[in-house]
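Okay, structure first, notes after.
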Amino acid sequence: ASFPAKRTDRSAKRPGERYLLDIKGPMDVPSLSGAQYYLLITDEYSRHTKVFFLCNRSELSAIWKRFQANSERQLNSKIQYVHLDGAGENTPHELLTYIKDLGIEVELTVTNTPEQNSIVERTIQTIQHLGNPALRQSGQAKAFWPFAMRHAVCAFNYAPHSSLGGQSPHERHFGSKPAIHRLRIFGAPATVRINKGTGNLDDGAEFGINLGLADSRHAYIVYIPDRNVFIETCHLTMDETFVAPVHADRVNKLKIRTFERTQPFDPVVSMWE
């Protein structure tokens with residue numbers, strides 16, 4: 001008889017007990033910040049998922065340390081198990097040593113056996129099927145793919161999940177219903193208020209494109225084509241009756257982006273749900 005592909009004796013009994021990790025990439029086009037991979041970390045109990053963007057696989061260890069500290073503080077519970085891809089290039093030796101030294105049990109999949117990591121593999125497919133059409137429909141350049149994937153993860157966490165009896169991953173993970181009314185159509189055109197530097201006869205607003213919720217969840221990330229910048233703002237009005245394409249020719253010529261934000265914003269690492 002063949003060896004069972006999936007163990008059932010270690011199913012998580014609470015949020016934050018067992019996490020499943022997988023990396024997707026390299027992508028066809030690097031992001032504006034040079035990211036070529038994205039990492040999904042899925043909680044087995046709640047299916048709640050977070051996404052991180054990497055320029056190279058060596059950044060995995062630093063991202064996991066940050067995620068672990070945030071998860072254990074947020075849930076007030078220690079991580080017991082971590083399930084990783086058994087392929088050597090996806091699992092740095094430094095990360096394995098760090099996790100084992102903390103007493104966390106590491107589970108590695110057998111090479112070419114994706115069914116042993118089926119939960120996060122299915123999640124990746126779902127995120128791809130949500131993010132890719134959103135990016136195409138918005139008419140934005142392919143370099144915007146991290147924003148689309150991040151928006152897809154947010155929608156995934158907020159939507160009811162069949163394996164959770166109709167609960168959303170967010171509700172199962174945190175015990176409260178998500179503020180789903182904050183989700184808006186990805187790529188929707190917006191009228192953004194200009195808060196400073198305007199004279200009496202200057203425009204008080206400018207055109208922008210919605211790229212999803214900001215980290216704080218109290219603002220939106222908006223691309224301003226005329227100034228070639230990203231801003232985070234809650235002072236805007238969106239038109240979700242149609243989606244206007246971004247000026248792709250400007251995006252392709254632009255090599256350096258500027259970010260306007262009161263706190264540091266790293267689009268490669270800091271894209272949390």
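In the structure tokens, chains take the letters A, B, ... in the order shown, each chain's residues start at 1, and ligands count up from 1 in the order shown.
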Please produce, as JSON lines, a per-residue contact table for segment 152-213 of chain A versus segment 137-147 of chain A (criterion: any atom at most 12 Å away, only C-alpha atoms considered), showing the nearest atom pair and its distance in Å to one decimal, sorted by chain then residue number.
{"residue": "A:Ala152", "atom": "CA", "partner": "A:Phe147", "partner_atom": "CA", "distance": 8.6}
{"residue": "A:Val153", "atom": "CA", "partner": "A:Phe147", "partner_atom": "CA", "distance": 10.0}
{"residue": "A:Cys154", "atom": "CA", "partner": "A:Phe147", "partner_atom": "CA", "distance": 10.6}
{"residue": "A:Ile185", "atom": "CA", "partner": "A:Ser138", "partner_atom": "CA", "distance": 9.0}
{"residue": "A:Phe186", "atom": "CA", "partner": "A:Ser138", "partner_atom": "CA", "distance": 6.8}
{"residue": "A:Gly187", "atom": "CA", "partner": "A:Ser138", "partner_atom": "CA", "distance": 4.8}
{"residue": "A:Ala188", "atom": "CA", "partner": "A:Ser138", "partner_atom": "CA", "distance": 7.3}
{"residue": "A:Pro189", "atom": "CA", "partner": "A:Ser138", "partner_atom": "CA", "distance": 9.4}
{"residue": "A:Ile209", "atom": "CA", "partner": "A:Ser138", "partner_atom": "CA", "distance": 9.2}
{"residue": "A:Asn210", "atom": "CA", "partner": "A:Ser138", "partner_atom": "CA", "distance": 9.6}
{"residue": "A:Leu211", "atom": "CA", "partner": "A:Phe147", "partner_atom": "CA", "distance": 6.0}
{"residue": "A:Gly212", "atom": "CA", "partner": "A:Phe147", "partner_atom": "CA", "distance": 7.0}
{"residue": "A:Leu213", "atom": "CA", "partner": "A:Phe147", "partner_atom": "CA", "distance": 9.4}
Selected residues written out with all heavy atoms, as a PDB file, in the first residue's frame:
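What follows is the written file out.pdb:
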ATOM      1  N   ALA A 152      -6.176  40.018  -3.675  1.00  0.00           N
ATOM      2  CA  ALA A 152      -6.821  38.702  -3.753  1.00  0.00           C
ATOM      3  C   ALA A 152      -6.766  37.985  -2.412  1.00  0.00           C
ATOM      4  O   ALA A 152      -7.731  37.323  -2.011  1.00  0.00           O
ATOM      5  CB  ALA A 152      -6.143  37.860  -4.838  1.00  0.00           C
ATOM      6  N   VAL A 153      -5.638  38.084  -1.696  1.00  0.00           N
ATOM      7  CA  VAL A 153      -5.522  37.451  -0.382  1.00  0.00           C
ATOM      8  C   VAL A 153      -6.514  38.068   0.592  1.00  0.00           C
ATOM      9  O   VAL A 153      -7.150  37.364   1.391  1.00  0.00           O
ATOM     10  CB  VAL A 153      -4.079  37.582   0.153  1.00  0.00           C
ATOM     11  CG1 VAL A 153      -4.008  37.191   1.625  1.00  0.00           C
ATOM     12  CG2 VAL A 153      -3.147  36.696  -0.661  1.00  0.00           C
ATOM     13  N   CYS A 154      -6.666  39.370   0.532  1.00  0.00           N
ATOM     14  CA  CYS A 154      -7.624  40.049   1.400  1.00  0.00           C
ATOM     15  C   CYS A 154      -9.048  39.557   1.120  1.00  0.00           C
ATOM     16  O   CYS A 154      -9.808  39.262   2.045  1.00  0.00           O
ATOM     17  CB  CYS A 154      -7.521  41.554   1.208  1.00  0.00           C
ATOM     18  SG  CYS A 154      -8.467  42.522   2.384  1.00  0.00           S
ATOM     19  N   ILE A 185     -13.396  47.534  -5.656  1.00  0.00           N
ATOM     20  CA  ILE A 185     -12.924  46.904  -6.880  1.00  0.00           C
ATOM     21  C   ILE A 185     -11.480  47.311  -7.149  1.00  0.00           C
ATOM     22  O   ILE A 185     -11.138  48.502  -7.143  1.00  0.00           O
ATOM     23  CB  ILE A 185     -13.823  47.285  -8.065  1.00  0.00           C
ATOM     24  CG1 ILE A 185     -15.224  46.682  -7.874  1.00  0.00           C
ATOM     25  CG2 ILE A 185     -13.215  46.796  -9.384  1.00  0.00           C
ATOM     26  CD1 ILE A 185     -16.192  47.060  -8.958  1.00  0.00           C
ATOM     27  N   PHE A 186     -10.650  46.326  -7.387  1.00  0.00           N
ATOM     28  CA  PHE A 186      -9.242  46.592  -7.687  1.00  0.00           C
ATOM     29  C   PHE A 186      -9.130  47.300  -9.028  1.00  0.00           C
ATOM     30  O   PHE A 186      -9.702  46.881 -10.029  1.00  0.00           O
ATOM     31  CB  PHE A 186      -8.463  45.276  -7.724  1.00  0.00           C
ATOM     32  CG  PHE A 186      -6.993  45.437  -7.986  1.00  0.00           C
ATOM     33  CD1 PHE A 186      -6.121  45.730  -6.964  1.00  0.00           C
ATOM     34  CD2 PHE A 186      -6.487  45.313  -9.276  1.00  0.00           C
ATOM     35  CE1 PHE A 186      -4.766  45.886  -7.188  1.00  0.00           C
ATOM     36  CE2 PHE A 186      -5.136  45.472  -9.522  1.00  0.00           C
ATOM     37  CZ  PHE A 186      -4.278  45.759  -8.466  1.00  0.00           C
ATOM     38  N   GLY A 187      -8.382  48.392  -9.064  1.00  0.00           N
ATOM     39  CA  GLY A 187      -8.216  49.157 -10.291  1.00  0.00           C
ATOM     40  C   GLY A 187      -9.291  50.189 -10.536  1.00  0.00           C
ATOM     41  O   GLY A 187      -9.275  50.853 -11.583  1.00  0.00           O
ATOM     42  N   ALA A 188     -10.227  50.337  -9.593  1.00  0.00           N
ATOM     43  CA  ALA A 188     -11.298  51.312  -9.790  1.00  0.00           C
ATOM     44  C   ALA A 188     -10.737  52.731  -9.800  1.00  0.00           C
ATOM     45  O   ALA A 188      -9.879  53.071  -8.979  1.00  0.00           O
ATOM     46  CB  ALA A 188     -12.341  51.174  -8.680  1.00  0.00           C
ATOM     47  N   PRO A 189     -11.190  53.584 -10.721  1.00  0.00           N
ATOM     48  CA  PRO A 189     -10.730  54.981 -10.732  1.00  0.00           C
ATOM     49  C   PRO A 189     -11.267  55.723  -9.518  1.00  0.00           C
ATOM     50  O   PRO A 189     -12.358  55.437  -9.018  1.00  0.00           O
ATOM     51  CB  PRO A 189     -11.314  55.521 -12.032  1.00  0.00           C
ATOM     52  CG  PRO A 189     -12.494  54.647 -12.313  1.00  0.00           C
ATOM     53  CD  PRO A 189     -12.146  53.285 -11.800  1.00  0.00           C
ATOM     54  N   ILE A 209      -5.917  55.597  -8.985  1.00  0.00           N
ATOM     55  CA  ILE A 209      -6.377  54.231  -9.251  1.00  0.00           C
ATOM     56  C   ILE A 209      -6.233  53.418  -7.978  1.00  0.00           C
ATOM     57  O   ILE A 209      -5.149  53.367  -7.376  1.00  0.00           O
ATOM     58  CB  ILE A 209      -5.572  53.587 -10.389  1.00  0.00           C
ATOM     59  CG1 ILE A 209      -5.784  54.377 -11.679  1.00  0.00           C
ATOM     60  CG2 ILE A 209      -5.972  52.133 -10.591  1.00  0.00           C
ATOM     61  CD1 ILE A 209      -4.846  53.977 -12.799  1.00  0.00           C
ATOM     62  N   ASN A 210      -7.307  52.783  -7.551  1.00  0.00           N
ATOM     63  CA  ASN A 210      -7.306  51.998  -6.320  1.00  0.00           C
ATOM     64  C   ASN A 210      -6.496  50.721  -6.476  1.00  0.00           C
ATOM     65  O   ASN A 210      -6.721  49.937  -7.395  1.00  0.00           O
ATOM     66  CB  ASN A 210      -8.748  51.638  -5.927  1.00  0.00           C
ATOM     67  CG  ASN A 210      -8.798  50.668  -4.770  1.00  0.00           C
ATOM     68  OD1 ASN A 210      -8.073  50.807  -3.785  1.00  0.00           O
ATOM     69  ND2 ASN A 210      -9.659  49.675  -4.879  1.00  0.00           N
ATOM     70  N   LEU A 211      -5.544  50.508  -5.557  1.00  0.00           N
ATOM     71  CA  LEU A 211      -4.727  49.292  -5.561  1.00  0.00           C
ATOM     72  C   LEU A 211      -4.949  48.449  -4.310  1.00  0.00           C
ATOM     73  O   LEU A 211      -4.134  47.597  -3.979  1.00  0.00           O
ATOM     74  CB  LEU A 211      -3.244  49.655  -5.687  1.00  0.00           C
ATOM     75  CG  LEU A 211      -2.845  50.362  -6.986  1.00  0.00           C
ATOM     76  CD1 LEU A 211      -1.355  50.671  -6.984  1.00  0.00           C
ATOM     77  CD2 LEU A 211      -3.218  49.527  -8.207  1.00  0.00           C
ATOM     78  N   GLY A 212      -6.037  48.695  -3.599  1.00  0.00           N
ATOM     79  CA  GLY A 212      -6.368  47.849  -2.463  1.00  0.00           C
ATOM     80  C   GLY A 212      -6.178  48.534  -1.126  1.00  0.00           C
ATOM     81  O   GLY A 212      -5.737  49.680  -1.026  1.00  0.00           O
ATOM     82  N   LEU A 213      -6.515  47.795  -0.061  1.00  0.00           N
ATOM     83  CA  LEU A 213      -6.410  48.315   1.294  1.00  0.00           C
ATOM     84  C   LEU A 213      -4.960  48.506   1.700  1.00  0.00           C
ATOM     85  O   LEU A 213      -4.098  47.697   1.373  1.00  0.00           O
ATOM     86  CB  LEU A 213      -7.088  47.354   2.273  1.00  0.00           C
ATOM     87  CG  LEU A 213      -8.622  47.332   2.254  1.00  0.00           C
ATOM     88  CD1 LEU A 213      -9.137  46.167   3.084  1.00  0.00           C
ATOM     89  CD2 LEU A 213      -9.182  48.645   2.774  1.00  0.00           C
TER      90      LEU A 213
END
* Write down as a PyMOL selection string the residues belonging to segment 49-262 of chain A that are assigned strand (DSSP E or B) by DSSP computed on the backbone. => chain A and resi 49-54+81-84+105-108+189-193+205-213+220-224+229-233+236-238+258-260
Expected file: the selected residues, N, CA and C atoms, as a compact mmCIF listing (two decimals), in the first residue's frame:
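Listed below is the output, out.txt:
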# COMPACT_ATOMS: atom_id res chain seq x y z
N THR A 49 -4.71 33.54 5.62
CA THR A 49 -3.49 33.55 4.81
C THR A 49 -2.90 34.95 4.77
N LYS A 50 -1.57 34.99 4.80
CA LYS A 50 -0.85 36.24 4.61
C LYS A 50 0.14 36.06 3.47
N VAL A 51 0.42 37.16 2.78
CA VAL A 51 1.29 37.11 1.61
C VAL A 51 2.44 38.07 1.82
N PHE A 52 3.62 37.64 1.36
CA PHE A 52 4.83 38.45 1.42
C PHE A 52 5.52 38.35 0.06
N PHE A 53 6.25 39.39 -0.30
CA PHE A 53 6.90 39.44 -1.60
C PHE A 53 8.40 39.49 -1.43
N LEU A 54 9.11 38.67 -2.21
CA LEU A 54 10.55 38.50 -2.06
C LEU A 54 11.27 38.79 -3.37
N TYR A 81 3.79 23.80 15.09
CA TYR A 81 4.22 23.07 13.89
C TYR A 81 4.37 24.04 12.72
N VAL A 82 5.34 23.76 11.86
CA VAL A 82 5.52 24.50 10.62
C VAL A 82 5.71 23.50 9.50
N HIS A 83 4.89 23.62 8.47
CA HIS A 83 4.95 22.71 7.33
C HIS A 83 5.60 23.44 6.16
N LEU A 84 6.70 22.89 5.66
CA LEU A 84 7.50 23.55 4.62
C LEU A 84 7.66 22.66 3.41
N GLU A 105 8.21 22.03 15.81
CA GLU A 105 8.39 20.83 14.98
C GLU A 105 8.23 21.18 13.51
N VAL A 106 9.21 20.77 12.71
CA VAL A 106 9.22 21.06 11.28
C VAL A 106 8.74 19.84 10.51
N GLU A 107 7.82 20.05 9.60
CA GLU A 107 7.32 19.00 8.71
C GLU A 107 7.68 19.38 7.28
N LEU A 108 8.39 18.51 6.60
CA LEU A 108 8.81 18.77 5.22
C LEU A 108 8.07 17.85 4.27
N PRO A 189 -11.19 53.58 -10.72
CA PRO A 189 -10.73 54.98 -10.73
C PRO A 189 -11.27 55.72 -9.52
N ALA A 190 -10.49 56.68 -9.04
CA ALA A 190 -10.86 57.42 -7.83
C ALA A 190 -10.53 58.89 -7.99
N THR A 191 -11.32 59.70 -7.34
CA THR A 191 -11.03 61.12 -7.21
C THR A 191 -10.42 61.33 -5.83
N VAL A 192 -9.17 61.76 -5.80
CA VAL A 192 -8.41 61.84 -4.55
C VAL A 192 -8.23 63.29 -4.15
N ARG A 193 -8.57 63.61 -2.91
CA ARG A 193 -8.42 64.99 -2.45
C ARG A 193 -6.95 65.35 -2.26
N ALA A 205 -8.46 68.22 -6.24
CA ALA A 205 -8.47 66.76 -6.30
C ALA A 205 -7.70 66.33 -7.53
N GLU A 206 -7.34 65.06 -7.58
CA GLU A 206 -6.62 64.50 -8.71
C GLU A 206 -7.08 63.07 -8.98
N PHE A 207 -6.78 62.59 -10.16
CA PHE A 207 -7.20 61.24 -10.57
C PHE A 207 -6.25 60.19 -10.01
N GLY A 208 -6.82 59.10 -9.49
CA GLY A 208 -6.02 58.01 -8.97
C GLY A 208 -6.66 56.67 -9.28
N ILE A 209 -5.92 55.60 -8.98
CA ILE A 209 -6.38 54.23 -9.25
C ILE A 209 -6.23 53.42 -7.98
N ASN A 210 -7.31 52.78 -7.55
CA ASN A 210 -7.31 52.00 -6.32
C ASN A 210 -6.50 50.72 -6.48
N LEU A 211 -5.54 50.51 -5.56
CA LEU A 211 -4.73 49.29 -5.56
C LEU A 211 -4.95 48.45 -4.31
N GLY A 212 -6.04 48.70 -3.60
CA GLY A 212 -6.37 47.85 -2.46
C GLY A 212 -6.18 48.53 -1.13
N LEU A 213 -6.52 47.79 -0.06
CA LEU A 213 -6.41 48.32 1.29
C LEU A 213 -4.96 48.51 1.70
N TYR A 220 -6.54 53.49 1.73
CA TYR A 220 -6.34 52.74 0.49
C TYR A 220 -5.01 53.14 -0.14
N ILE A 221 -4.38 52.18 -0.82
CA ILE A 221 -3.21 52.48 -1.63
C ILE A 221 -3.71 52.94 -2.99
N VAL A 222 -3.28 54.11 -3.39
CA VAL A 222 -3.77 54.70 -4.65
C VAL A 222 -2.57 55.10 -5.50
N TYR A 223 -2.63 54.73 -6.77
CA TYR A 223 -1.61 55.15 -7.73
C TYR A 223 -2.08 56.42 -8.42
N ILE A 224 -1.22 57.44 -8.44
CA ILE A 224 -1.52 58.71 -9.11
C ILE A 224 -0.72 58.76 -10.41
N VAL A 229 3.32 58.42 -8.58
CA VAL A 229 3.57 58.10 -7.18
C VAL A 229 2.44 57.24 -6.65
N PHE A 230 2.72 56.57 -5.52
CA PHE A 230 1.69 55.88 -4.76
C PHE A 230 1.45 56.69 -3.48
N ILE A 231 0.21 56.76 -3.06
CA ILE A 231 -0.10 57.39 -1.79
C ILE A 231 -1.05 56.50 -1.01
N GLU A 232 -1.12 56.69 0.27
CA GLU A 232 -2.12 56.04 1.11
C GLU A 232 -3.05 57.13 1.63
N THR A 233 -4.34 56.96 1.37
CA THR A 233 -5.29 58.00 1.74
C THR A 233 -6.66 57.40 1.99
N LEU A 236 -10.97 60.02 -0.54
CA LEU A 236 -11.17 59.74 -1.96
C LEU A 236 -12.58 59.25 -2.19
N THR A 237 -12.99 59.33 -3.44
CA THR A 237 -14.28 58.80 -3.88
C THR A 237 -14.02 57.91 -5.08
N MET A 238 -14.48 56.66 -5.00
CA MET A 238 -14.24 55.70 -6.08
C MET A 238 -15.47 55.56 -6.96
N THR A 258 8.21 56.76 -5.96
CA THR A 258 8.23 57.42 -4.66
C THR A 258 6.94 57.09 -3.94
N PHE A 259 7.02 57.03 -2.62
CA PHE A 259 5.87 56.69 -1.80
C PHE A 259 5.63 57.82 -0.81
N GLU A 260 4.40 58.27 -0.74
CA GLU A 260 4.02 59.30 0.21
C GLU A 260 3.24 58.63 1.34
* To do: From the DSSP assignment of the backbone, select every residue of segment 26-273 of chain A that is helix (DSSP H, G or I), and format the answer as an NGL selection string.
  => :A and (57-75 or 88-90 or 93-101 or 114-138 or 142-158 or 162-164 or 169-174 or 180-182 or 248-253)
* **Ile119 of chain A surroundings by only C-alpha atoms, 10 Å radius, close-in-sequence under 5 positions cut, as a PyMOL selection string** => chain A and resi 20-21+42-44+47+114+124
Kindly export the residues of the current selection with C-alpha atoms, as a CSV table (one decimal), in the first residue's frame.
chain,number,residue,atom,x,y,z
A,20,LEU,CA,1.8,26.0,6.1
A,21,LEU,CA,4.3,27.8,3.9
A,42,THR,CA,-1.6,29.8,5.8
A,43,ASP,CA,-3.0,28.9,9.2
A,44,GLU,CA,-4.3,25.3,9.0
A,47,ARG,CA,-7.2,29.0,6.5
A,114,PRO,CA,2.3,18.6,-3.6
A,124,ILE,CA,-2.2,29.5,-4.2
Contact residues around Lys78 of chain A with only C-alpha atoms at 8 Å, ignoring same-chain residues under 6 positions, as a CSV table (one decimal) with N, CA and C atoms, in the first residue's frame:
chain,number,residue,atom,x,y,z
A,16,GLY,N,-3.1,29.6,14.9
A,16,GLY,CA,-1.7,29.9,15.2
A,16,GLY,C,-0.9,28.7,15.7
A,17,GLU,N,-1.5,27.5,15.7
A,17,GLU,CA,-0.9,26.3,16.1
A,17,GLU,C,0.0,25.7,15.0
A,72,GLU,N,2.5,35.3,17.2
A,72,GLU,CA,2.5,34.8,18.6
A,72,GLU,C,2.1,36.0,19.6
* To do: Provide the atom CA of Lys100 of chain A to atom CA of Ile63 of chain A distance in Å, to one decimal place.
  => 16.5 Å
* To do: Within 9 Å of Leu60 of chain A, counting only C-alpha atoms, which residues show up once you throw out same-chain ones fewer than 6 positions away? Write them as a list in words, please.
  => Leu39, Leu54, Asn90, Thr91, Pro92 and Leu95 of chain A
Each residue of segment 86-146 of chain A with at least one atom at most 10 Å from segment 156-171 of chain A should appear once, together with its nearest atom pair and the corresponding distance in Å (one decimal); atoms considered: only C-alpha atoms; ordering: chain, then increasing residue number; output as a Markdown table.
| residue | atom | partner | partner_atom | distance |
| --- | --- | --- | --- | --- |
| A:Thr123 | CA | A:Phe156 | CA | 8.7 |
| A:Thr126 | CA | A:Phe156 | CA | 8.0 |
| A:Ile127 | CA | A:Phe156 | CA | 7.4 |
| A:Leu130 | CA | A:Phe156 | CA | 8.5 |
Residue selection dump (N, CA, C and O atoms) as a tab-separated table (two decimals), in the first residue's frame:
chain	number	residue	atom	x	y	z
A	123	THR	N	-4.73	27.02	-1.93
A	123	THR	CA	-4.85	28.45	-1.66
A	123	THR	C	-4.11	29.26	-2.71
A	123	THR	O	-4.61	30.29	-3.18
A	126	THR	N	-6.21	29.45	-5.76
A	126	THR	CA	-7.32	30.38	-5.58
A	126	THR	C	-6.85	31.82	-5.69
A	126	THR	O	-7.50	32.65	-6.36
A	127	ILE	N	-5.72	32.14	-5.07
A	127	ILE	CA	-5.19	33.50	-5.12
A	127	ILE	C	-4.84	33.88	-6.56
A	127	ILE	O	-5.12	34.99	-7.02
A	130	LEU	N	-7.93	34.62	-8.52
A	130	LEU	CA	-8.54	35.89	-8.14
A	130	LEU	C	-7.68	37.08	-8.61
A	130	LEU	O	-8.20	38.07	-9.13
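Computed from the coordinates, the atom CA of Ser46 of chain A to atom CA of Val120 of chain A distance equals 12.0 Å.
As for atom CA of Ile23 of chain A and atom CA of Ile41 of chain A, they are spaced 9.0 Å apart.
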